[in-house]
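Novice: File name upload.cif; file contents mmCIF, C-alpha atoms; full text below.
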data_entry
#
loop_
_atom_site.label_atom_id
_atom_site.label_comp_id
_atom_site.auth_asym_id
_atom_site.auth_seq_id
_atom_site.Cartn_x
_atom_site.Cartn_y
_atom_site.Cartn_z
CA LYS G 1032 54.94 35.16 -213.71
CA SER G 1033 56.86 32.24 -212.19
CA PRO G 1034 60.59 32.16 -213.03
CA ASP G 1035 61.86 29.54 -215.46
CA VAL G 1036 63.32 26.94 -213.09
CA CYS G 1037 63.91 24.22 -215.66
CA GLY G 1038 66.68 25.62 -217.82
CA THR G 1039 69.38 26.30 -215.25
CA GLU G 1040 72.43 24.09 -215.09
CA GLU G 1041 72.61 22.06 -211.88
CA GLY G 1042 75.49 22.53 -209.46
CA ASN G 1043 76.34 21.04 -206.08
CA ARG G 1044 73.13 19.50 -204.71
CA LYS G 1045 74.47 18.83 -201.19
CA PHE G 1046 74.89 22.53 -200.41
CA TYR G 1047 73.91 25.54 -202.48
CA SER G 1048 72.50 29.06 -202.26
CA GLY G 1049 70.36 31.21 -204.51
CA PHE G 1050 72.13 32.41 -207.64
CA PRO G 1051 72.80 36.17 -207.95
CA SER G 1052 70.88 36.85 -211.16
CA TYR G 1053 69.01 33.76 -212.39
CA PRO G 1054 66.84 30.96 -210.97
CA GLN G 1055 68.16 28.02 -209.00
CA GLN G 1056 67.48 24.58 -210.53
CA THR G 1057 64.75 22.76 -208.61
CA ASP G 1058 65.44 19.28 -207.30
CA GLY G 1059 63.32 16.14 -207.33
CA ASN G 1060 62.46 15.87 -211.06
CA GLY G 1061 59.88 18.65 -210.73
CA CYS G 1062 60.73 19.99 -214.17
CA ARG G 1063 59.59 16.79 -215.88
CA CYS G 1064 56.04 18.10 -215.56
CA GLU G 1065 56.93 20.91 -217.96
CA GLU G 1066 57.36 18.31 -220.69
CA MET G 1067 53.76 17.22 -220.06
CA ASN G 1068 52.46 20.81 -220.24
CA PHE G 1069 51.52 20.85 -216.55
CA THR G 1070 50.06 24.12 -215.30
CA ASP G 1071 48.85 24.70 -211.78
CA ASP G 1072 45.30 26.05 -211.79
CA TYR G 1073 45.07 26.50 -208.02
CA GLU G 1074 46.39 28.95 -205.45
CA TRP G 1075 46.27 28.42 -201.70
CA ARG G 1076 44.26 31.06 -199.85
CA SER G 1077 44.15 31.33 -196.07
CA PRO G 1078 43.08 34.06 -193.60
CA HIS G 1079 46.34 33.35 -191.77
CA LEU G 1080 48.60 34.18 -194.72
CA PRO G 1081 49.09 37.22 -196.97
CA GLN G 1082 46.82 36.89 -200.00
CA THR G 1083 49.66 37.89 -202.30
CA PHE G 1084 53.41 37.50 -202.09
CA ASN G 1085 55.67 40.54 -202.27
CA PRO G 1086 59.32 39.42 -202.38
CA VAL G 1087 60.54 42.97 -201.79
CA ASP G 1088 58.69 43.11 -198.47
CA THR G 1089 59.96 39.65 -197.52
CA CYS G 1090 63.55 40.61 -198.28
CA ARG G 1091 63.08 43.76 -196.19
CA LEU G 1092 61.97 41.61 -193.25
CA LEU G 1093 64.91 39.26 -193.74
CA GLY G 1094 67.32 42.20 -193.74
CA ASP G 1095 70.96 41.13 -193.80
CA ARG G 1096 70.24 37.78 -192.15
CA THR G 1097 70.86 34.39 -193.74
CA ALA G 1098 68.55 31.36 -193.74
CA LEU G 1099 69.60 27.72 -194.00
CA PHE G 1100 67.12 24.98 -194.98
CA VAL G 1101 68.30 21.52 -193.90
CA GLY G 1102 66.71 18.23 -194.93
CA ASP G 1103 66.18 15.76 -197.76
CA SER G 1104 65.32 16.26 -201.44
CA THR G 1105 61.84 17.53 -200.59
CA MET G 1106 63.44 20.30 -198.54
CA SER G 1107 65.72 21.00 -201.49
CA GLN G 1108 62.62 21.56 -203.63
CA THR G 1109 61.17 23.89 -201.01
CA ALA G 1110 64.39 25.87 -200.61
CA SER G 1111 64.94 26.25 -204.36
CA THR G 1112 61.36 27.43 -204.80
CA LEU G 1113 61.87 30.04 -202.09
CA MET G 1114 65.15 31.20 -203.62
CA ASN G 1115 63.45 31.70 -206.98
CA SER G 1116 60.49 33.46 -205.39
CA LEU G 1117 62.86 35.96 -203.77
CA LEU G 1118 64.69 36.87 -206.98
CA PRO G 1119 62.76 40.13 -207.50
CA GLY G 1120 63.59 41.15 -203.93
CA HIS G 1121 67.31 40.45 -204.46
CA CYS G 1122 67.89 38.46 -201.25
CA GLN G 1123 67.86 34.96 -202.77
CA THR G 1124 71.62 34.58 -202.21
CA GLN G 1125 70.98 34.77 -198.45
CA VAL G 1126 69.01 31.50 -198.55
CA SER G 1127 70.87 28.17 -198.65
CA PHE G 1128 70.07 24.46 -198.67
CA ALA G 1129 72.08 21.70 -196.98
CA LEU G 1130 71.42 17.98 -197.50
CA SER G 1131 70.69 15.89 -194.40
CA ASP G 1132 68.26 13.01 -194.96
CA THR G 1133 67.80 12.11 -191.29
CA LEU G 1134 69.13 15.31 -189.66
CA VAL G 1135 71.22 13.35 -187.15
CA GLY G 1136 73.54 11.47 -189.51
CA LYS G 1137 72.21 8.04 -188.59
CA PRO G 1138 70.41 5.54 -190.87
CA PHE G 1139 66.73 4.89 -190.15
CA GLY G 1140 65.84 2.44 -192.88
CA VAL G 1141 66.22 4.40 -196.13
CA PHE G 1142 68.91 6.94 -197.19
CA ASN G 1143 71.31 8.78 -194.93
CA ARG G 1144 72.91 11.31 -197.27
CA GLY G 1145 74.56 14.52 -196.13
CA LYS G 1146 75.90 15.66 -192.78
CA ALA G 1147 74.06 16.00 -189.48
CA TRP G 1148 72.09 19.25 -189.18
CA LYS G 1149 74.29 20.57 -186.35
CA ASP G 1150 77.42 20.06 -188.44
CA TRP G 1151 75.89 22.14 -191.22
CA VAL G 1152 74.83 24.88 -188.80
CA ASN G 1153 78.27 25.01 -187.17
CA GLU G 1154 79.85 25.28 -190.62
CA VAL G 1155 77.49 27.88 -192.13
CA MET G 1156 76.49 29.77 -188.95
CA PRO G 1157 73.16 31.03 -190.35
CA ASP G 1158 70.85 33.42 -188.54
CA ILE G 1159 67.81 31.24 -189.28
CA THR G 1160 67.73 27.45 -189.59
CA VAL G 1161 64.69 25.51 -190.85
CA VAL G 1162 64.74 21.70 -190.75
CA THR G 1163 62.51 18.81 -191.80
CA VAL G 1164 62.70 15.02 -191.59
CA GLY G 1165 60.46 12.06 -192.33
CA ALA G 1166 60.72 10.33 -195.70
CA HIS G 1167 63.94 8.56 -194.75
CA VAL G 1168 62.75 7.43 -191.32
CA SER G 1169 60.93 4.13 -191.86
CA SER G 1170 61.30 3.06 -188.23
CA GLU G 1171 58.53 3.05 -185.63
CA ASP G 1172 56.99 6.27 -184.35
CA ALA G 1173 58.89 5.99 -181.05
CA LEU G 1174 62.21 6.21 -182.91
CA TYR G 1175 60.89 9.08 -185.03
CA LEU G 1176 59.90 11.01 -181.90
CA GLY G 1177 63.27 10.24 -180.33
CA LEU G 1178 64.91 11.79 -183.40
CA VAL G 1179 62.69 14.87 -183.13
CA ASP G 1180 63.47 15.24 -179.43
CA GLU G 1181 67.20 14.93 -180.13
CA VAL G 1182 67.06 17.73 -182.70
CA LEU G 1183 64.91 19.94 -180.46
CA SER G 1184 67.36 19.52 -177.61
CA GLY G 1185 70.18 20.47 -179.96
CA MET G 1186 68.31 23.59 -181.04
CA ILE G 1187 67.78 24.72 -177.46
CA GLU G 1188 71.42 24.08 -176.58
CA MET G 1189 72.70 25.86 -179.69
CA GLN G 1190 70.46 28.87 -179.12
CA SER G 1191 71.79 29.18 -175.57
CA ARG G 1192 75.30 29.54 -177.04
CA HIS G 1193 74.25 31.70 -180.00
CA PRO G 1194 71.25 33.83 -178.92
CA ARG G 1195 70.97 35.49 -182.34
CA MET G 1196 70.17 32.14 -183.98
CA LYS G 1197 66.53 31.28 -184.68
CA PHE G 1198 65.21 27.78 -185.39
CA ALA G 1199 62.08 26.47 -187.09
CA TRP G 1200 60.70 23.27 -188.65
CA LYS G 1201 58.79 22.47 -191.80
CA THR G 1202 56.06 19.85 -191.92
CA GLN G 1203 56.54 17.04 -194.40
CA GLN G 1204 55.89 17.12 -198.11
CA PRO G 1205 52.99 14.66 -198.52
CA GLY G 1206 53.20 11.62 -200.76
CA GLY G 1207 50.66 9.83 -202.96
CA CYS G 1208 49.27 10.38 -206.46
CA THR G 1209 45.73 11.29 -207.56
CA ASN G 1210 44.17 12.70 -210.71
CA GLU G 1211 42.36 15.55 -208.97
CA ILE G 1212 42.80 17.97 -206.07
CA LEU G 1213 41.49 16.54 -202.77
CA SER G 1214 39.50 18.24 -199.97
CA PRO G 1215 41.25 21.64 -200.12
CA LYS G 1216 39.47 22.80 -196.95
CA ASP G 1217 40.44 19.74 -194.91
CA ALA G 1218 44.03 18.46 -195.04
CA ALA G 1219 43.20 15.57 -192.70
CA ALA G 1220 40.42 14.40 -195.00
CA ALA G 1221 42.74 14.64 -197.98
CA ALA G 1222 45.38 12.57 -196.19
CA ARG G 1223 42.78 9.90 -195.43
CA THR G 1224 41.49 9.88 -199.02
CA ILE G 1225 44.80 9.15 -200.75
CA GLU G 1226 45.34 5.48 -201.57
CA TYR G 1227 49.00 5.11 -200.69
CA THR G 1228 51.10 2.56 -202.52
CA ARG G 1229 53.51 0.44 -200.51
CA ASP G 1230 56.63 2.55 -200.53
CA LYS G 1231 59.92 2.57 -198.63
CA PHE G 1232 59.41 6.27 -197.90
CA ASN G 1233 56.33 5.48 -195.72
CA TRP G 1234 54.02 8.13 -197.18
CA ASP G 1235 51.08 6.74 -195.21
CA LYS G 1236 52.74 7.81 -191.94
CA PHE G 1237 53.35 11.42 -192.90
CA TYR G 1238 50.16 13.09 -191.66
CA HIS G 1239 50.15 11.22 -188.36
CA ARG G 1240 53.79 12.12 -187.80
CA ASP G 1241 53.11 15.76 -188.67
CA LEU G 1242 50.60 15.81 -185.81
CA LEU G 1243 53.12 14.21 -183.45
CA LEU G 1244 55.72 16.78 -184.53
CA LEU G 1245 53.41 19.77 -184.08
CA GLU G 1246 52.56 18.65 -180.57
CA ARG G 1247 56.27 18.65 -179.72
CA LEU G 1248 56.91 22.00 -181.42
CA ASN G 1249 54.00 23.75 -179.71
CA ARG G 1250 55.23 22.48 -176.36
CA ALA G 1251 58.77 23.70 -177.07
CA LYS G 1252 57.47 26.98 -178.59
CA ILE G 1253 59.38 26.39 -181.81
CA PRO G 1254 57.73 27.98 -184.90
CA TYR G 1255 57.11 25.99 -188.06
CA LEU G 1256 56.21 26.29 -191.72
CA ASP G 1257 52.87 24.51 -191.82
CA MET G 1258 52.60 23.00 -195.31
CA ARG G 1259 49.81 20.54 -194.55
CA MET G 1260 47.66 22.17 -197.24
CA LEU G 1261 49.78 20.16 -199.69
CA TYR G 1262 47.98 16.97 -198.66
CA SER G 1263 45.26 18.25 -201.00
CA ARG G 1264 47.70 18.55 -203.90
CA SER G 1265 48.47 14.92 -204.66
CA ASP G 1266 47.35 15.82 -208.19
CA ALA G 1267 50.59 17.79 -208.68
CA HIS G 1268 53.12 15.09 -207.90
CA ILE G 1269 55.46 14.04 -210.71
CA SER G 1270 53.69 10.76 -211.44
CA SER G 1271 50.21 12.31 -211.15
CA VAL G 1272 50.83 14.08 -214.45
CA LYS G 1273 49.71 11.96 -217.38
CA GLY G 1274 52.59 10.56 -219.35
CA SER G 1275 55.20 11.35 -216.69
CA GLN G 1276 57.70 8.80 -215.42
CA PRO G 1277 55.96 6.46 -212.95
CA GLY G 1278 57.06 5.97 -209.39
CA ASP G 1279 57.52 9.51 -208.01
CA CYS G 1280 54.49 10.40 -205.93
CA LEU G 1281 56.47 12.55 -203.49
CA HIS G 1282 58.19 15.38 -205.37
CA LEU G 1283 56.00 18.18 -206.72
CA CYS G 1284 55.82 19.78 -210.14
CA SER G 1285 57.67 23.08 -210.48
CA PRO G 1286 56.36 25.72 -210.73
CA GLY G 1287 53.37 24.49 -208.74
CA PRO G 1288 51.92 24.18 -205.23
CA LEU G 1289 55.26 24.78 -203.50
CA ASP G 1290 55.02 28.43 -204.56
CA VAL G 1291 53.15 28.94 -201.27
CA ILE G 1292 56.54 28.83 -199.50
CA GLY G 1293 57.15 32.54 -200.15
CA ARG G 1294 54.10 33.60 -198.15
CA LEU G 1295 54.84 31.06 -195.41
CA PHE G 1296 58.42 32.30 -195.07
CA HIS G 1297 57.17 35.90 -194.93
CA GLN G 1298 54.78 34.91 -192.13
CA LEU G 1299 57.62 33.17 -190.28
CA LEU G 1300 59.69 36.35 -190.37
CA LEU G 1301 56.80 38.16 -188.70
CA THR G 1302 56.97 35.75 -185.75
CA GLU G 1303 57.27 37.54 -182.43
CA GLU G 1304 60.90 38.24 -181.48
CA TRP G 1305 62.16 37.27 -184.95
#
How would this structure read if it were set down as structure tokens?
Specialist:
Amino acid sequence: KSPDVCGTEEGNRKFYSGFPSYPQQTDGNGCRCEEMNFTDDYEWRSPHLPQTFNPVDTCRLLGDRTALFVGDSTMSQTASTLMNSLLPGHCQTQVSFALSDTLVGKPFGVFNRGKAWKDWVNEVMPDITVVTVGAHVSSEDALYLGLVDEVLSGMIEMQSRHPRMKFAWKTQQPGGCTNEILSPKDAAAAARTIEYTRDKFNWDKFYHRDLLLLERLNRAKIPYLDMRMLYSRSDAHISSVKGSQPGDCLHLCSPGPLDVIGRLFHQLLLTEEW
């Protein structure tokens, strides 16, 4: 049974960790779906992921290490979902979220909340850092790739000084609203099918930029949480739910499709040399 993530009082949303004995509030209005009686009828299955999630096993793999998730409000949703998934394994307090809309502390056309990712890492000194960026970068692809390259260079430099540190990325949380699930066996087809509204968060660029990012990561041999299956789940965005507040076709209903993060994080911890 998924934990109740909609009744917990919110705290500091710029930096927080899993609570010791109760669920962390999810960000991004995901709990509004509860008012509309949303239930998720689907579960992602893949030969590359465990078919079930065992938080006790995941916490055993994590050991005494800490993990920091850095990014925008979509990363906050992901991190909170992971924290709540790990509650039965009792390592949720070792996972934290830090707000950084653009990762580098520079404006790229939308919001620029939070500190630069390196400032957060230097302050928290986590064992594992996972970052994401995209929704707040409305500039051209060349500037987006320059941002990615800047962060990758910083990761390599930081790891040379702190060999115990591990770094990873997360693909973007797709935007767009539909009434039904789309092409669950083909994320690219789903991304092409969505009719994107004109939006300052440039949802229509997400899939293309994910491909650009993965090319860079594979070249640099940096692991990543591949969440492209969510391009099929435009039916579970806040404004996809009938009667919900219009305008939010980016954040996902909670509990919902983001529950896959537990299995993805488990798989990440199995990465060679992690």
Novice: Which residues, protein or nucleic acid, reach to within 7 Å of (58.9, 22.9, -207.8) in the file's coordinates when using all atoms listed in the file, and can you give that as a list in words?
Specialist: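 Nearby residues: Thr1057, Gly1061, Gln1108, Thr1112, Leu1283, Cys1284, Ser1285, Pro1286, Gly1287 and Leu1289 of chain G.
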Novice: Would you tabulate, counting all atoms listed in the file, all residues of stretch 1033-1136 of chain G that have an atom at most 12 Å from an atom of stretch 1211-1235 of chain G, showing the closest pair of atoms and their distance in Å to one decimal, sorted by chain then ascending number, as CSV?
Specialist:
residue,atom,partner,partner_atom,distance
G:Asp1071,CA,G:Ile1212,CA,10.7
G:Asp1072,CA,G:Ile1212,CA,10.2
G:Tyr1073,CA,G:Ile1212,CA,9.0
G:Glu1074,CA,G:Pro1215,CA,10.4
G:Trp1075,CA,G:Pro1215,CA,8.6
G:Arg1076,CA,G:Pro1215,CA,9.9
G:Ser1077,CA,G:Lys1216,CA,9.8
G:Asp1103,CA,G:Phe1232,CA,11.7
G:Thr1105,CA,G:Phe1232,CA,11.8
G:Asp1132,CA,G:Phe1232,CA,11.5
Novice: Taking the file as I've supplied it (selection: the PyMOL selection byres ((chain G and resi 1253) around 10)), which residues are included? Please answer as a list in words.
Specialist: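 That expression, the PyMOL selection byres ((chain G and resi 1253) around 10), corresponds here to Leu1183, Met1186, Ile1187, Lys1197, Phe1198, Ala1199, Trp1200, Leu1245, Arg1247, Leu1248, Asn1249, Arg1250, Ala1251, Lys1252, Pro1254 and Tyr1255 of chain G.
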Novice: G:Val1272: which residues within 10 Å, counting all atoms listed in the file, same-chain residues fewer than 5 positions away excluded, as a list in words?
Specialist: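 Surrounding residues, per the criterion: Arg1063, Cys1064, Glu1065, Glu1066, Met1067, Asn1068, Phe1069, Cys1208, Thr1209, Asn1210, Asp1266, Ala1267, Pro1277, Cys1280 and Cys1284 of chain G.
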Novice: Grab the residues selected above and save them as a PDB file, keeping the file's coordinate frame with C-alpha atoms.
Specialist:
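The result, written out as part14.pdb:
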ATOM      1  CA  ARG G1063      59.590  16.790-215.880  1.00  0.00           C
ATOM      2  CA  CYS G1064      56.040  18.100-215.560  1.00  0.00           C
ATOM      3  CA  GLU G1065      56.930  20.910-217.960  1.00  0.00           C
ATOM      4  CA  GLU G1066      57.360  18.310-220.690  1.00  0.00           C
ATOM      5  CA  MET G1067      53.760  17.220-220.060  1.00  0.00           C
ATOM      6  CA  ASN G1068      52.460  20.810-220.240  1.00  0.00           C
ATOM      7  CA  PHE G1069      51.520  20.850-216.550  1.00  0.00           C
ATOM      8  CA  CYS G1208      49.270  10.380-206.460  1.00  0.00           C
ATOM      9  CA  THR G1209      45.730  11.290-207.560  1.00  0.00           C
ATOM     10  CA  ASN G1210      44.170  12.700-210.710  1.00  0.00           C
ATOM     11  CA  ASP G1266      47.350  15.820-208.190  1.00  0.00           C
ATOM     12  CA  ALA G1267      50.590  17.790-208.680  1.00  0.00           C
ATOM     13  CA  PRO G1277      55.960   6.460-212.950  1.00  0.00           C
ATOM     14  CA  CYS G1280      54.490  10.400-205.930  1.00  0.00           C
ATOM     15  CA  CYS G1284      55.820  19.780-210.140  1.00  0.00           C
TER      16      CYS G1284
END
Novice: Set the distance at 10 Å and use all atoms listed in the file: which residues neighbour G:Gly1185 once local chain neighbours fewer than 6 positions away are removed? I'd like the list as a PyMOL selection string.
Specialist: chain G and resi 1148-1149+1179+1191
Novice: Please, what distance in Å, to one decimal, runs between atom CA of G:Ile1292 and atom CA of G:Tyr1175?
Specialist: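 Atom-to-atom, atom CA of G:Ile1292 to atom CA of G:Tyr1175, that is 24.9 Å.
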Novice: Please enumerate the residues selected by the PyMOL selection byres ((chain G and resi 1085) around 9) when evaluated against the supplied file, formatted as a list in words.
Specialist: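 Applied to this file, the PyMOL selection byres ((chain G and resi 1085) around 9) selects Thr1083, Phe1084, Pro1086, Val1087, Asp1088, Thr1089, Cys1090, Leu1117, Pro1119, Gly1120, Gly1293, Arg1294 and His1297 of chain G.
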Novice: Which residue, G:Thr1097, G:Pro1081, G:Asp1172, G:Asn1060, has the smallest gap to G:Val1155 when you use all atoms listed in the file?
Specialist: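 So, comparing all the options, the nearest one is G:Thr1097.
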Novice: List as a ChimeraX atom specification: which residues have an atom within 12 Å of (70.5, 6.8, -189.2), counting only C-alpha atoms?
Specialist: /G:1131-1147,1164-1165,1167-1170,1174-1175,1177-1178
Novice: Once the PyMOL selection byres ((chain G and resi 1043-1053) around 7) has been evaluated on this model, what residues remain selected, and can you format them as a PDB file with C-alpha atoms, in the frame of the given file?
Specialist:
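Written file, out21.pdb:
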ATOM      1  CA  GLU G1041      72.610  22.060-211.880  1.00  0.00           C
ATOM      2  CA  GLY G1042      75.490  22.530-209.460  1.00  0.00           C
ATOM      3  CA  PRO G1054      66.840  30.960-210.970  1.00  0.00           C
ATOM      4  CA  GLN G1055      68.160  28.020-209.000  1.00  0.00           C
ATOM      5  CA  MET G1114      65.150  31.200-203.620  1.00  0.00           C
ATOM      6  CA  GLN G1123      67.860  34.960-202.770  1.00  0.00           C
ATOM      7  CA  THR G1124      71.620  34.580-202.210  1.00  0.00           C
ATOM      8  CA  VAL G1126      69.010  31.500-198.550  1.00  0.00           C
ATOM      9  CA  SER G1127      70.870  28.170-198.650  1.00  0.00           C
ATOM     10  CA  PHE G1128      70.070  24.460-198.670  1.00  0.00           C
ATOM     11  CA  ALA G1129      72.080  21.700-196.980  1.00  0.00           C
ATOM     12  CA  LEU G1130      71.420  17.980-197.500  1.00  0.00           C
ATOM     13  CA  GLY G1145      74.560  14.520-196.130  1.00  0.00           C
TER      14      GLY G1145
END
Novice: Please compute the atom CA of G:Tyr1262-atom CA of G:Cys1122 distance, one decimal, in Å.
Specialist: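 Separation of atom CA of G:Tyr1262 and atom CA of G:Cys1122: 29.4 Å.
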Novice: Could you tell me how far atom CA of G:Gln1203 sits from atom CA of G:Val1162, in Å to one decimal place?
Specialist: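 A separation of 10.1 Å between them.
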Novice: Tell me which of G:Gln1056, G:Thr1160, G:Ser1107, G:Asn1153 sits closest to G:Gln1125, counting only C-alpha atoms.
Specialist: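 Between G:Gln1056, G:Thr1160, G:Ser1107, G:Asn1153, the residue approaching G:Gln1125 most closely is G:Thr1160.
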Novice: With all atoms listed in the file as the basis for distance, which of G:Asp1095, G:Gln1082, G:Pro1205, G:Arg1264 is at the shortest distance from G:Tyr1238?
Specialist: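 Between G:Asp1095, G:Gln1082, G:Pro1205, G:Arg1264, the residue approaching G:Tyr1238 most closely is G:Pro1205.
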Novice: Taking all atoms listed in the file into account, which of G:Leu1261, G:Gly1206, G:Pro1194, G:Ala1166 comes nearest G:Glu1304?
Specialist: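 The shortest atom-to-atom distance to G:Glu1304 comes from G:Pro1194.
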Novice: Edge lengths and centre, in Å to one decimal, as lines of an AutoDock Vina configuration file: that's what I need for the box along x, y and z that holds all listed atoms of stretch 1230-1245 of chain G plus 3 Å on each side.
Specialist:
center_x = 55.0
center_y = 11.2
center_z = -192.0
size_x = 15.8
size_y = 23.2
size_z = 23.1
Novice: Which residue, G:Asp1279, G:Glu1181, G:Asp1290, G:Glu1303, has the smallest gap to G:Ala1110 when you use all atoms listed in the file?
Specialist: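 Smallest separation from G:Ala1110 among the options: G:Asp1290.
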